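Printed here is upload.csv (CSV, C-alpha atoms (C1' of nucleotides)):
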chain,number,residue,atom,x,y,z
A,1,MET,CA,121.8,107.5,119.9
A,2,THR,CA,120.0,110.6,121.0
A,3,THR,CA,117.2,112.2,119.1
A,4,ARG,CA,119.4,115.1,118.3
A,5,ASP,CA,121.8,112.7,116.5
A,6,SER,CA,119.1,111.0,114.5
A,7,GLU,CA,117.7,114.3,113.4
A,8,GLY,CA,121.2,115.2,112.3
A,9,LEU,CA,121.5,112.0,110.3
A,10,ILE,CA,118.2,112.6,108.6
A,11,GLU,CA,119.2,116.1,107.6
A,12,ASP,CA,122.5,114.9,106.3
A,13,ARG,CA,120.7,112.3,104.2
A,14,ALA,CA,118.5,115.0,102.8
A,15,ARG,CA,121.4,117.2,101.9
A,16,GLU,CA,123.3,114.4,100.2
A,17,LEU,CA,120.2,113.6,98.2
A,18,GLU,CA,119.9,117.2,97.2
A,19,ASP,CA,123.5,117.3,96.1
A,20,ALA,CA,123.2,114.1,94.2
A,21,LEU,CA,120.1,115.4,92.4
A,22,ARG,CA,121.7,118.8,91.6
A,23,ALA,CA,124.7,116.9,90.2
A,24,LYS,CA,122.2,115.2,87.8
A,25,GLY,CA,120.8,118.6,86.8
A,26,VAL,CA,117.7,118.6,88.9
A,27,ARG,CA,117.0,122.0,90.4
A,28,ILE,CA,116.4,122.1,94.1
A,29,THR,CA,113.6,124.5,94.9
A,30,ARG,CA,112.2,125.4,98.3
A,31,GLN,CA,109.3,123.1,97.5
A,32,ARG,CA,111.4,120.2,96.4
A,33,ALA,CA,113.7,120.6,99.4
A,34,ALA,CA,110.6,120.4,101.7
A,35,LEU,CA,109.4,117.2,100.0
A,36,ILE,CA,112.9,115.7,100.2
A,37,GLU,CA,113.0,116.5,103.8
A,38,VAL,CA,109.6,114.8,104.4
A,39,LEU,CA,110.7,111.7,102.4
A,40,SER,CA,113.9,111.5,104.4
A,41,ARG,CA,112.0,111.4,107.6
A,42,ALA,CA,109.3,109.0,106.4
A,43,GLU,CA,109.4,105.6,107.9
A,44,ASP,CA,105.9,104.7,106.6
A,45,HIS,CA,104.3,104.6,103.1
A,46,PRO,CA,102.5,107.9,102.8
A,47,ASP,CA,100.3,108.8,99.8
A,48,ALA,CA,100.6,112.1,97.9
A,49,THR,CA,98.1,113.9,100.0
A,50,GLU,CA,99.8,112.9,103.2
A,51,LEU,CA,103.2,114.0,101.8
A,52,HIS,CA,101.6,117.2,100.7
A,53,ARG,CA,100.3,117.8,104.2
A,54,ARG,CA,103.7,117.1,105.8
A,55,ALA,CA,105.5,119.2,103.3
A,56,GLN,CA,103.3,122.1,104.0
A,57,ASP,CA,104.3,122.0,107.6
A,58,ILE,CA,107.8,122.9,106.4
A,59,ASP,CA,106.8,125.2,103.6
A,60,ALA,CA,103.2,126.3,103.4
A,61,SER,CA,103.5,127.2,99.7
A,62,VAL,CA,103.9,123.7,98.5
A,63,SER,CA,101.0,122.7,96.2
A,64,LEU,CA,99.7,119.3,95.6
A,65,SER,CA,100.6,119.5,91.9
A,66,THR,CA,104.2,120.2,92.8
A,67,VAL,CA,104.2,117.2,95.1
A,68,TYR,CA,103.0,115.0,92.2
A,69,ARG,CA,105.4,116.5,89.8
A,70,THR,CA,108.3,116.2,92.1
A,71,LEU,CA,107.4,112.6,93.0
A,72,SER,CA,107.6,111.8,89.3
A,73,VAL,CA,111.0,113.4,89.0
A,74,LEU,CA,112.2,111.5,92.1
A,75,GLU,CA,110.8,108.3,90.8
A,76,GLN,CA,112.6,108.7,87.5
A,77,GLN,CA,115.8,109.5,89.5
A,78,ASN,CA,115.2,106.3,91.4
A,79,VAL,CA,115.0,108.2,94.7
A,80,VAL,CA,111.5,107.1,95.6
A,81,HIS,CA,109.4,104.0,94.8
A,82,ARG,CA,105.7,104.3,94.0
A,83,HIS,CA,103.3,101.5,95.1
A,84,ALA,CA,99.8,101.3,93.8
A,85,PHE,CA,98.1,99.0,96.3
A,86,GLU,CA,94.6,97.8,95.5
A,87,GLY,CA,91.8,100.3,95.5
A,88,ALA,CA,93.9,103.1,97.1
A,89,PRO,CA,95.9,106.1,96.0
A,90,ALA,CA,99.5,105.4,95.3
A,91,ARG,CA,101.9,105.3,98.2
A,92,PHE,CA,105.5,106.3,98.2
A,93,GLU,CA,108.7,105.4,100.0
A,94,PRO,CA,112.4,106.4,99.8
A,95,ALA,CA,114.2,104.1,97.5
A,96,ASP,CA,117.3,103.7,99.6
A,97,ALA,CA,115.9,100.8,101.6
A,98,PRO,CA,116.9,97.4,100.2
A,99,HIS,CA,114.4,95.7,97.9
A,100,HIS,CA,111.4,94.2,99.7
A,101,ASP,CA,107.8,93.2,99.1
A,102,HIS,CA,104.7,94.2,101.1
A,103,ILE,CA,102.1,92.8,103.4
A,104,ILE,CA,99.0,94.9,103.6
A,105,ASP,CA,96.8,94.5,106.6
A,106,ILE,CA,93.3,94.6,105.0
A,107,GLU,CA,91.7,95.7,108.2
A,108,THR,CA,94.0,98.6,109.2
A,109,GLY,CA,95.8,99.5,105.9
A,110,ASP,CA,99.1,99.0,107.7
A,111,VAL,CA,102.0,98.1,105.5
A,112,LEU,CA,104.8,95.7,106.5
A,113,GLU,CA,107.8,94.8,104.5
A,114,PHE,CA,109.5,91.5,103.9
A,115,HIS,CA,112.1,90.0,101.6
A,116,ASN,CA,112.5,86.4,100.6
A,117,GLU,CA,115.4,85.4,98.3
A,118,ARG,CA,113.8,82.1,97.4
A,119,ILE,CA,110.7,83.8,96.0
A,120,GLU,CA,112.8,86.2,94.1
A,121,LYS,CA,114.7,83.4,92.5
A,122,LEU,CA,111.7,81.4,91.7
A,123,GLN,CA,110.2,84.4,89.9
A,124,ALA,CA,113.2,84.7,87.7
A,125,GLU,CA,113.2,81.0,86.9
A,126,ILE,CA,109.5,81.0,86.0
A,127,ALA,CA,109.9,84.0,83.7
A,128,ALA,CA,113.0,82.5,82.1
A,129,GLU,CA,111.2,79.3,81.3
A,130,LEU,CA,108.6,81.3,79.4
A,131,GLY,CA,111.3,83.2,77.6
A,132,TYR,CA,111.1,86.4,79.6
A,133,GLU,CA,113.2,88.4,81.9
A,134,VAL,CA,111.7,90.1,84.9
A,135,VAL,CA,112.1,93.9,84.8
A,136,ARG,CA,110.2,94.5,88.0
A,137,HIS,CA,107.6,92.7,90.0
A,138,ARG,CA,104.9,93.3,92.5
A,139,LEU,CA,104.2,90.9,95.3
A,140,GLU,CA,101.6,92.0,97.8
A,141,LEU,CA,100.0,89.8,100.5
A,142,TYR,CA,96.7,91.1,101.6
A,143,CYS,CA,96.4,89.7,105.1
A,144,ARG,CA,94.5,89.6,108.2
A,145,LYS,CA,96.0,89.4,111.7
A,146,ARG,CA,95.8,85.9,113.1
A,147,LYS,CA,93.7,85.3,116.2
A,148,GLY,CA,95.5,84.0,119.2
B,1,MET,CA,87.2,68.8,68.3
B,2,THR,CA,85.5,70.9,65.6
B,3,THR,CA,84.8,74.6,65.9
B,4,ARG,CA,81.1,73.8,66.1
B,5,ASP,CA,81.7,71.6,69.1
B,6,SER,CA,83.7,74.2,71.0
B,7,GLU,CA,81.1,76.8,70.2
B,8,GLY,CA,78.6,74.5,71.7
B,9,LEU,CA,80.6,74.1,74.8
B,10,ILE,CA,81.0,77.8,75.3
B,11,GLU,CA,77.3,78.3,75.0
B,12,ASP,CA,76.6,75.5,77.4
B,13,ARG,CA,79.0,77.1,79.9
B,14,ALA,CA,77.2,80.4,79.5
B,15,ARG,CA,73.8,78.8,80.1
B,16,GLU,CA,75.1,77.0,83.2
B,17,LEU,CA,76.4,80.2,84.5
B,18,GLU,CA,73.1,82.0,83.9
B,19,ASP,CA,71.2,79.3,85.7
B,20,ALA,CA,73.6,79.3,88.6
B,21,LEU,CA,73.2,83.1,88.9
B,22,ARG,CA,69.5,83.0,88.6
B,23,ALA,CA,69.5,80.4,91.4
B,24,LYS,CA,71.3,82.9,93.5
B,25,GLY,CA,68.6,85.5,92.7
B,26,VAL,CA,70.5,87.4,90.1
B,27,ARG,CA,68.3,88.5,87.2
B,28,ILE,CA,69.6,87.6,83.7
B,29,THR,CA,68.7,90.5,81.4
B,30,ARG,CA,69.6,90.7,77.7
B,31,GLN,CA,72.6,92.9,78.6
B,32,ARG,CA,73.9,90.6,81.3
B,33,ALA,CA,73.4,87.6,79.0
B,34,ALA,CA,75.5,89.3,76.4
B,35,LEU,CA,78.3,90.0,78.8
B,36,ILE,CA,78.3,86.5,80.2
B,37,GLU,CA,78.5,85.2,76.6
B,38,VAL,CA,81.5,87.5,76.0
B,39,LEU,CA,83.2,86.4,79.2
B,40,SER,CA,82.6,82.7,78.4
B,41,ARG,CA,84.4,83.2,75.1
B,42,ALA,CA,87.2,85.3,76.5
B,43,GLU,CA,90.6,83.6,76.5
B,44,ASP,CA,92.5,86.8,77.2
B,45,HIS,CA,92.2,89.5,79.9
B,46,PRO,CA,90.0,92.3,78.4
B,47,ASP,CA,89.3,95.6,80.2
B,48,ALA,CA,85.8,97.0,80.6
B,49,THR,CA,85.9,99.0,77.4
B,50,GLU,CA,86.9,96.0,75.4
B,51,LEU,CA,84.2,93.9,77.0
B,52,HIS,CA,81.8,96.6,76.2
B,53,ARG,CA,82.8,96.6,72.6
B,54,ARG,CA,82.4,92.8,72.4
B,55,ALA,CA,79.1,92.8,74.2
B,56,GLN,CA,77.8,95.4,71.8
B,57,ASP,CA,78.4,93.1,68.9
B,58,ILE,CA,75.9,90.7,70.5
B,59,ASP,CA,73.5,93.4,71.8
B,60,ALA,CA,74.0,96.9,70.7
B,61,SER,CA,72.0,98.3,73.6
B,62,VAL,CA,74.6,97.4,76.2
B,63,SER,CA,76.0,100.5,77.9
B,64,LEU,CA,79.4,100.9,79.5
B,65,SER,CA,77.8,101.6,82.9
B,66,THR,CA,75.9,98.3,82.7
B,67,VAL,CA,79.1,96.5,81.9
B,68,TYR,CA,80.7,98.0,85.0
B,69,ARG,CA,77.7,97.3,87.1
B,70,THR,CA,77.4,93.7,85.9
B,71,LEU,CA,81.1,93.1,86.3
B,72,SER,CA,80.7,94.2,90.0
B,73,VAL,CA,77.9,91.7,90.4
B,74,LEU,CA,79.8,88.9,88.7
B,75,GLU,CA,82.9,89.7,90.8
B,76,GLN,CA,80.8,89.5,94.0
B,77,GLN,CA,79.4,86.2,92.8
B,78,ASN,CA,82.9,85.0,92.2
B,79,VAL,CA,82.3,84.5,88.5
B,80,VAL,CA,85.0,86.9,87.3
B,81,HIS,CA,88.2,88.1,88.7
B,82,ARG,CA,89.4,91.7,88.5
B,83,HIS,CA,93.0,92.5,88.0
B,84,ALA,CA,94.4,96.1,88.4
B,85,PHE,CA,97.7,95.9,86.6
B,86,GLU,CA,100.1,98.9,86.9
B,87,GLY,CA,99.1,102.1,85.2
B,88,ALA,CA,96.2,100.5,83.2
B,89,PRO,CA,92.5,100.1,83.5
B,90,ALA,CA,91.3,97.0,85.3
B,91,ARG,CA,91.2,93.8,83.3
B,92,PHE,CA,88.9,90.9,83.8
B,93,GLU,CA,88.8,87.2,83.4
B,94,PRO,CA,86.4,84.3,84.1
B,95,ALA,CA,86.9,82.9,87.6
B,96,ASP,CA,86.6,79.3,86.6
B,97,ALA,CA,90.2,78.8,85.8
B,98,PRO,CA,92.4,77.5,88.6
B,99,HIS,CA,94.3,80.0,90.6
B,100,HIS,CA,97.3,81.6,88.8
B,101,ASP,CA,99.5,84.7,88.8
B,102,HIS,CA,100.4,86.9,85.9
B,103,ILE,CA,103.3,87.8,83.7
B,104,ILE,CA,102.8,91.1,81.9
B,105,ASP,CA,104.8,91.9,78.8
B,106,ILE,CA,105.7,95.5,79.4
B,107,GLU,CA,106.2,96.1,75.7
B,108,THR,CA,103.1,94.5,74.3
B,109,GLY,CA,100.7,94.4,77.3
B,110,ASP,CA,100.2,90.7,76.7
B,111,VAL,CA,99.3,88.7,79.8
B,112,LEU,CA,100.5,85.2,80.5
B,113,GLU,CA,99.5,83.0,83.4
B,114,PHE,CA,101.6,80.8,85.6
B,115,HIS,CA,101.2,78.9,88.9
B,116,ASN,CA,103.9,77.9,91.3
B,117,GLU,CA,103.0,76.0,94.4
B,118,ARG,CA,106.3,76.7,96.1
B,119,ILE,CA,105.8,80.4,95.9
B,120,GLU,CA,102.3,80.0,97.3
B,121,LYS,CA,103.6,78.1,100.2
B,122,LEU,CA,106.4,80.5,100.9
B,123,GLN,CA,103.9,83.4,101.0
B,124,ALA,CA,101.8,81.7,103.6
B,125,GLU,CA,104.9,80.9,105.7
B,126,ILE,CA,106.2,84.5,105.5
B,127,ALA,CA,102.8,85.9,106.6
B,128,ALA,CA,102.4,83.3,109.4
B,129,GLU,CA,105.8,84.3,110.8
B,130,LEU,CA,104.6,87.8,111.1
B,131,GLY,CA,101.3,86.8,112.7
B,132,TYR,CA,99.2,87.2,109.6
B,133,GLU,CA,97.1,84.9,107.3
B,134,VAL,CA,97.0,85.6,103.6
B,135,VAL,CA,93.5,86.5,102.5
B,136,ARG,CA,94.5,87.1,98.9
B,137,HIS,CA,97.7,88.1,97.1
B,138,ARG,CA,98.9,89.7,94.0
B,139,LEU,CA,102.0,88.5,92.2
B,140,GLU,CA,102.8,90.2,88.9
B,141,LEU,CA,106.0,89.9,86.9
B,142,TYR,CA,106.5,92.8,84.6
B,143,CYS,CA,108.8,91.3,82.0
B,144,ARG,CA,110.5,91.8,78.7
B,145,LYS,CA,111.0,89.1,76.1
B,146,ARG,CA,114.5,87.7,76.1
B,147,LYS,CA,116.6,88.2,73.1
B,148,GLY,CA,117.9,85.1,71.4
C,1,DC,C1',119.6,135.8,82.2
C,2,DT,C1',116.8,132.0,80.8
C,3,DA,C1',115.5,127.5,81.2
C,4,DT,C1',113.1,125.3,84.6
C,5,DC,C1',109.9,125.3,88.1
C,6,DT,C1',105.6,126.8,90.5
C,7,DG,C1',100.5,127.6,91.9
C,8,DC,C1',96.1,127.6,90.1
C,9,DA,C1',92.4,125.8,87.8
C,10,DA,C1',90.9,123.0,84.5
C,11,DA,C1',91.3,118.7,82.1
C,12,DC,C1',92.0,113.6,82.3
C,13,DC,C1',90.8,108.9,82.7
C,14,DC,C1',88.5,105.2,84.6
C,15,DT,C1',84.8,104.2,87.3
C,16,DT,C1',80.6,105.1,89.9
C,17,DT,C1',76.0,107.0,90.7
C,18,DG,C1',71.2,109.5,90.5
C,19,DC,C1',67.4,109.4,88.0
C,20,DA,C1',63.3,108.2,85.3
C,21,DG,C1',61.9,104.7,82.5
C,22,DA,C1',62.2,99.6,81.0
C,23,DC,C1',61.8,94.9,82.1
C,24,DC,C1',62.6,90.2,84.5
C,25,DA,C1',60.5,86.8,87.4
D,1,DT,C1',52.9,93.7,89.2
D,2,DG,C1',57.0,95.0,92.1
D,3,DG,C1',61.4,95.2,92.7
D,4,DT,C1',65.5,95.2,89.9
D,5,DC,C1',67.9,96.7,86.1
D,6,DT,C1',68.9,99.9,82.3
D,7,DG,C1',70.8,104.1,79.6
D,8,DC,C1',72.1,108.5,80.0
D,9,DA,C1',74.5,112.2,81.7
D,10,DA,C1',76.7,114.0,85.4
D,11,DA,C1',79.8,113.4,89.3
D,12,DG,C1',83.8,111.3,91.7
D,13,DG,C1',88.6,110.7,92.9
D,14,DG,C1',93.3,110.5,92.0
D,15,DT,C1',96.5,112.4,88.9
D,16,DT,C1',98.2,115.3,85.1
D,17,DT,C1',98.6,119.5,82.5
D,18,DG,C1',98.4,124.4,80.2
D,19,DC,C1',99.3,128.7,81.5
D,20,DA,C1',101.5,133.0,83.1
D,21,DG,C1',104.4,134.4,86.6
D,22,DA,C1',108.5,133.1,89.9
D,23,DT,C1',113.1,131.5,90.6
D,24,DA,C1',117.5,128.4,90.7
D,25,DG,C1',121.9,128.2,88.9
Let me see whether you can do it: turn the structure in this file into structure tokens.
Amino acid sequence: MTTRDSEGLIEDRARELEDALRAKGVRITRQRAALIEVLSRAEDHPDATELHRRAQDIDASVSLSTVYRTLSVLEQQNVVHRHAFEGAPARFEPADAPHHDHIIDIETGDVLEFHNERIEKLQAEIAAELGYEVVRHRLELYCRKRKG
Amino acid sequence: MTTRDSEGLIEDRARELEDALRAKGVRITRQRAALIEVLSRAEDHPDATELHRRAQDIDASVSLSTVYRTLSVLEQQNVVHRHAFEGAPARFEPADAPHHDHIIDIETGDVLEFHNERIEKLQAEIAAELGYEVVRHRLELYCRKRKG
DNA sequence: CTATCTGCAAACCCTTTGCAGACCA
DNA sequence: TGGTCTGCAAAGGGTTTGCAGATAG
């Protein structure tokens, strides 16, 4: 796949997202389009300030408040997920990736993703035993790279 | 066991803690003693404001800043654990309980504890596969009570 | 057209900090 | 007594909000 193709795919995804949102009655403003574009491109877990910075490269008028407000809207629409890792501003990622948990490198701040079905099941079982159902969970492994 | 006995045990625990801290060079002031007393009695997961309220019942001079400062000291000394649950001020608990994770009732804010050895092991395995070792982790199940 | 969205600046909330005085060891 | 600890008030940092003007549909 060429770069040109993947650019095209990202833009397609952004357009689809916009249409889906419009269909739900969410207005797509220049600022929101810029943020959606940025989120569609994001392969990491940027915080609001970083998203703001990136969005401004597309449309310099985007303000930080609008980034926050739009992120709230997108979160409600289940388009992005918000992660509040320890002692750091919240970080965001597109919600279209399959469910996963996070490993945070405590030395670099890098974030890796993983998924383990057995852990998911065990969580549900544990909650059920106590008379609860899991609505959402948070599993974060704060790790250090192994020497070797 | 009578109430009088358990009161006695709690006070003993508080005294032991104070002595251990003094041995490590930590000064035990009136305010710190009050907070240690409160923590020794706590069977829940209070936040700083609530700890402040309770400490003031023992010694009205305790300020919120001192509560925060002392909590930091106690956390460094591994005497309390700090938990930053989603969208809420940090909550604290004595560190003498065995390791456990938390279930948070999203309707009431209640916090339950659980421990599952299999999950612990799986976490370590997952991290190891990616070349990491787990320094600490955070597993929180945000739950709703089951109907029935 | 008009309800919704925006930028700006100010407010918010929890937490931390600088300072001058208090107090533990 | 000396170094630490305290209360107070003010600042910090991320996030939210009130407002008057701009704009999507």
Please report as a PyMOL selection string which residues of chain B come no farther than 10 Å from chain A, using all atoms listed in the file. chain B and resi 83-87+103-106+112+114-116+118-120+122-124+126-128+130-148
Only residues of chain B matter here; which ones have an atom within 10 Å of chain D, counting all atoms listed in the file? Give them as a VMD selection string. chain B and resid 26 to 29 31 to 32 61 to 66 69 to 70
Let me make sure I understand: among A:Gly25, A:Glu93, A:Pro46, A:Asp101, which one has the smallest atom-to-atom distance to chain C if we use all atoms listed in the file? A:Gly25
Find the residues of chain C that sit at most 10 Å from chain B; for each, write down the nearest two atoms and how far apart they are in Å, to one decimal. Count all atoms listed in the file. Sort by chain, then by number going up, and give it as CSV.
residue,atom,partner,partner_atom,distance
C:DC13,C1',B:Pro89,CA,9.0
C:DC14,C1',B:Pro89,CA,6.6
C:DT15,C1',B:Tyr68,CA,7.8
C:DT16,C1',B:Ser65,CA,8.3
C:DT17,C1',B:Ser65,CA,9.7
C:DC23,C1',B:Thr29,CA,8.2
C:DC24,C1',B:Arg27,CA,6.5
C:DA25,C1',B:Arg27,CA,8.0
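For the pair atom CA of Ala33 of chain B and atom CA of Glu113 of chain B, the separation is 26.9 Å.
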Atomic separation - atom CA of Asn78 of chain B relative to atom CA of Ala42 of chain B, Å: 16.3 Å
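If you count only C-alpha atoms (C1' of nucleotides) and draw a sphere of 6 Å around (81.9, 78.8, 71.6), the protein and nucleic acid residues inside it come out as Ser6, Glu7, Gly8, Leu9, Ile10 and Glu11 of chain B.
Reported to one decimal place, the separation of atom CA of Asp96 of chain B from atom CA of Glu43 of chain B is 11.7 Å.
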How would segment 17-27 of chain A look with all heavy atoms restored, written as a CSV table (one decimal), in the frame of the given file?
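File written: part_8.csv
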chain,number,residue,atom,x,y,z
A,17,LEU,N,121.1,113.9,99.3
A,17,LEU,CA,120.2,113.6,98.2
A,17,LEU,C,120.1,114.8,97.3
A,17,LEU,O,120.1,114.7,96.1
A,17,LEU,CB,118.8,113.3,98.8
A,17,LEU,CG,118.3,111.9,98.6
A,17,LEU,CD1,117.0,111.7,99.4
A,17,LEU,CD2,118.1,111.6,97.1
A,18,GLU,N,120.0,116.0,97.9
A,18,GLU,CA,119.9,117.2,97.2
A,18,GLU,C,121.1,117.4,96.3
A,18,GLU,O,121.0,117.7,95.1
A,18,GLU,CB,119.7,118.4,98.1
A,18,GLU,CG,118.4,118.5,98.8
A,18,GLU,CD,118.3,119.6,99.8
A,18,GLU,OE1,119.2,120.5,99.8
A,18,GLU,OE2,117.4,119.6,100.6
A,19,ASP,N,122.3,117.2,96.9
A,19,ASP,CA,123.5,117.3,96.1
A,19,ASP,C,123.5,116.4,94.9
A,19,ASP,O,123.9,116.7,93.8
A,19,ASP,CB,124.7,117.2,97.0
A,19,ASP,CG,124.8,118.3,98.0
A,19,ASP,OD1,124.2,119.4,97.7
A,19,ASP,OD2,125.6,118.2,99.0
A,20,ALA,N,123.2,115.1,95.2
A,20,ALA,CA,123.2,114.1,94.2
A,20,ALA,C,122.2,114.5,93.0
A,20,ALA,O,122.6,114.4,91.8
A,20,ALA,CB,122.8,112.7,94.7
A,21,LEU,N,121.1,115.0,93.4
A,21,LEU,CA,120.1,115.4,92.4
A,21,LEU,C,120.6,116.6,91.6
A,21,LEU,O,120.5,116.6,90.4
A,21,LEU,CB,118.8,115.8,93.1
A,21,LEU,CG,118.0,114.5,93.6
A,21,LEU,CD1,116.9,115.0,94.5
A,21,LEU,CD2,117.5,113.7,92.4
A,22,ARG,N,121.2,117.6,92.3
A,22,ARG,CA,121.7,118.8,91.6
A,22,ARG,C,122.8,118.3,90.6
A,22,ARG,O,122.8,118.8,89.5
A,22,ARG,CB,122.3,119.8,92.6
A,22,ARG,CG,121.5,121.0,92.9
A,22,ARG,CD,122.2,122.0,93.7
A,22,ARG,NE,122.2,121.6,95.1
A,22,ARG,CZ,121.5,122.0,96.1
A,22,ARG,NH1,120.6,123.0,95.8
A,22,ARG,NH2,121.6,121.6,97.3
A,23,ALA,N,123.6,117.4,91.0
A,23,ALA,CA,124.7,116.9,90.2
A,23,ALA,C,124.1,116.3,88.9
A,23,ALA,O,124.7,116.3,87.8
A,23,ALA,CB,125.5,115.9,90.9
A,24,LYS,N,122.8,115.8,89.0
A,24,LYS,CA,122.2,115.2,87.8
A,24,LYS,C,121.4,116.3,87.1
A,24,LYS,O,120.6,115.9,86.1
A,24,LYS,CB,121.3,114.1,88.2
A,24,LYS,CG,122.1,112.9,88.8
A,24,LYS,CD,121.3,111.6,88.5
A,24,LYS,CE,121.0,110.8,89.8
A,24,LYS,NZ,120.1,109.7,89.6
A,25,GLY,N,121.5,117.5,87.5
A,25,GLY,CA,120.8,118.6,86.8
A,25,GLY,C,119.4,118.9,87.2
A,25,GLY,O,118.7,119.6,86.6
A,26,VAL,N,119.0,118.3,88.4
A,26,VAL,CA,117.7,118.6,88.9
A,26,VAL,C,117.8,119.8,89.8
A,26,VAL,O,118.6,119.9,90.7
A,26,VAL,CB,117.2,117.4,89.7
A,26,VAL,CG1,115.9,117.7,90.4
A,26,VAL,CG2,117.1,116.2,88.8
A,27,ARG,N,116.9,120.8,89.6
A,27,ARG,CA,117.0,122.0,90.4
A,27,ARG,C,116.3,121.7,91.7
A,27,ARG,O,115.2,121.1,91.8
A,27,ARG,CB,116.2,123.1,89.7
A,27,ARG,CG,116.9,123.7,88.5
A,27,ARG,CD,116.4,125.0,88.1
A,27,ARG,NE,117.1,125.5,86.9
A,27,ARG,CZ,116.8,126.5,86.2
A,27,ARG,NH1,115.7,127.2,86.5
A,27,ARG,NH2,117.5,126.9,85.2
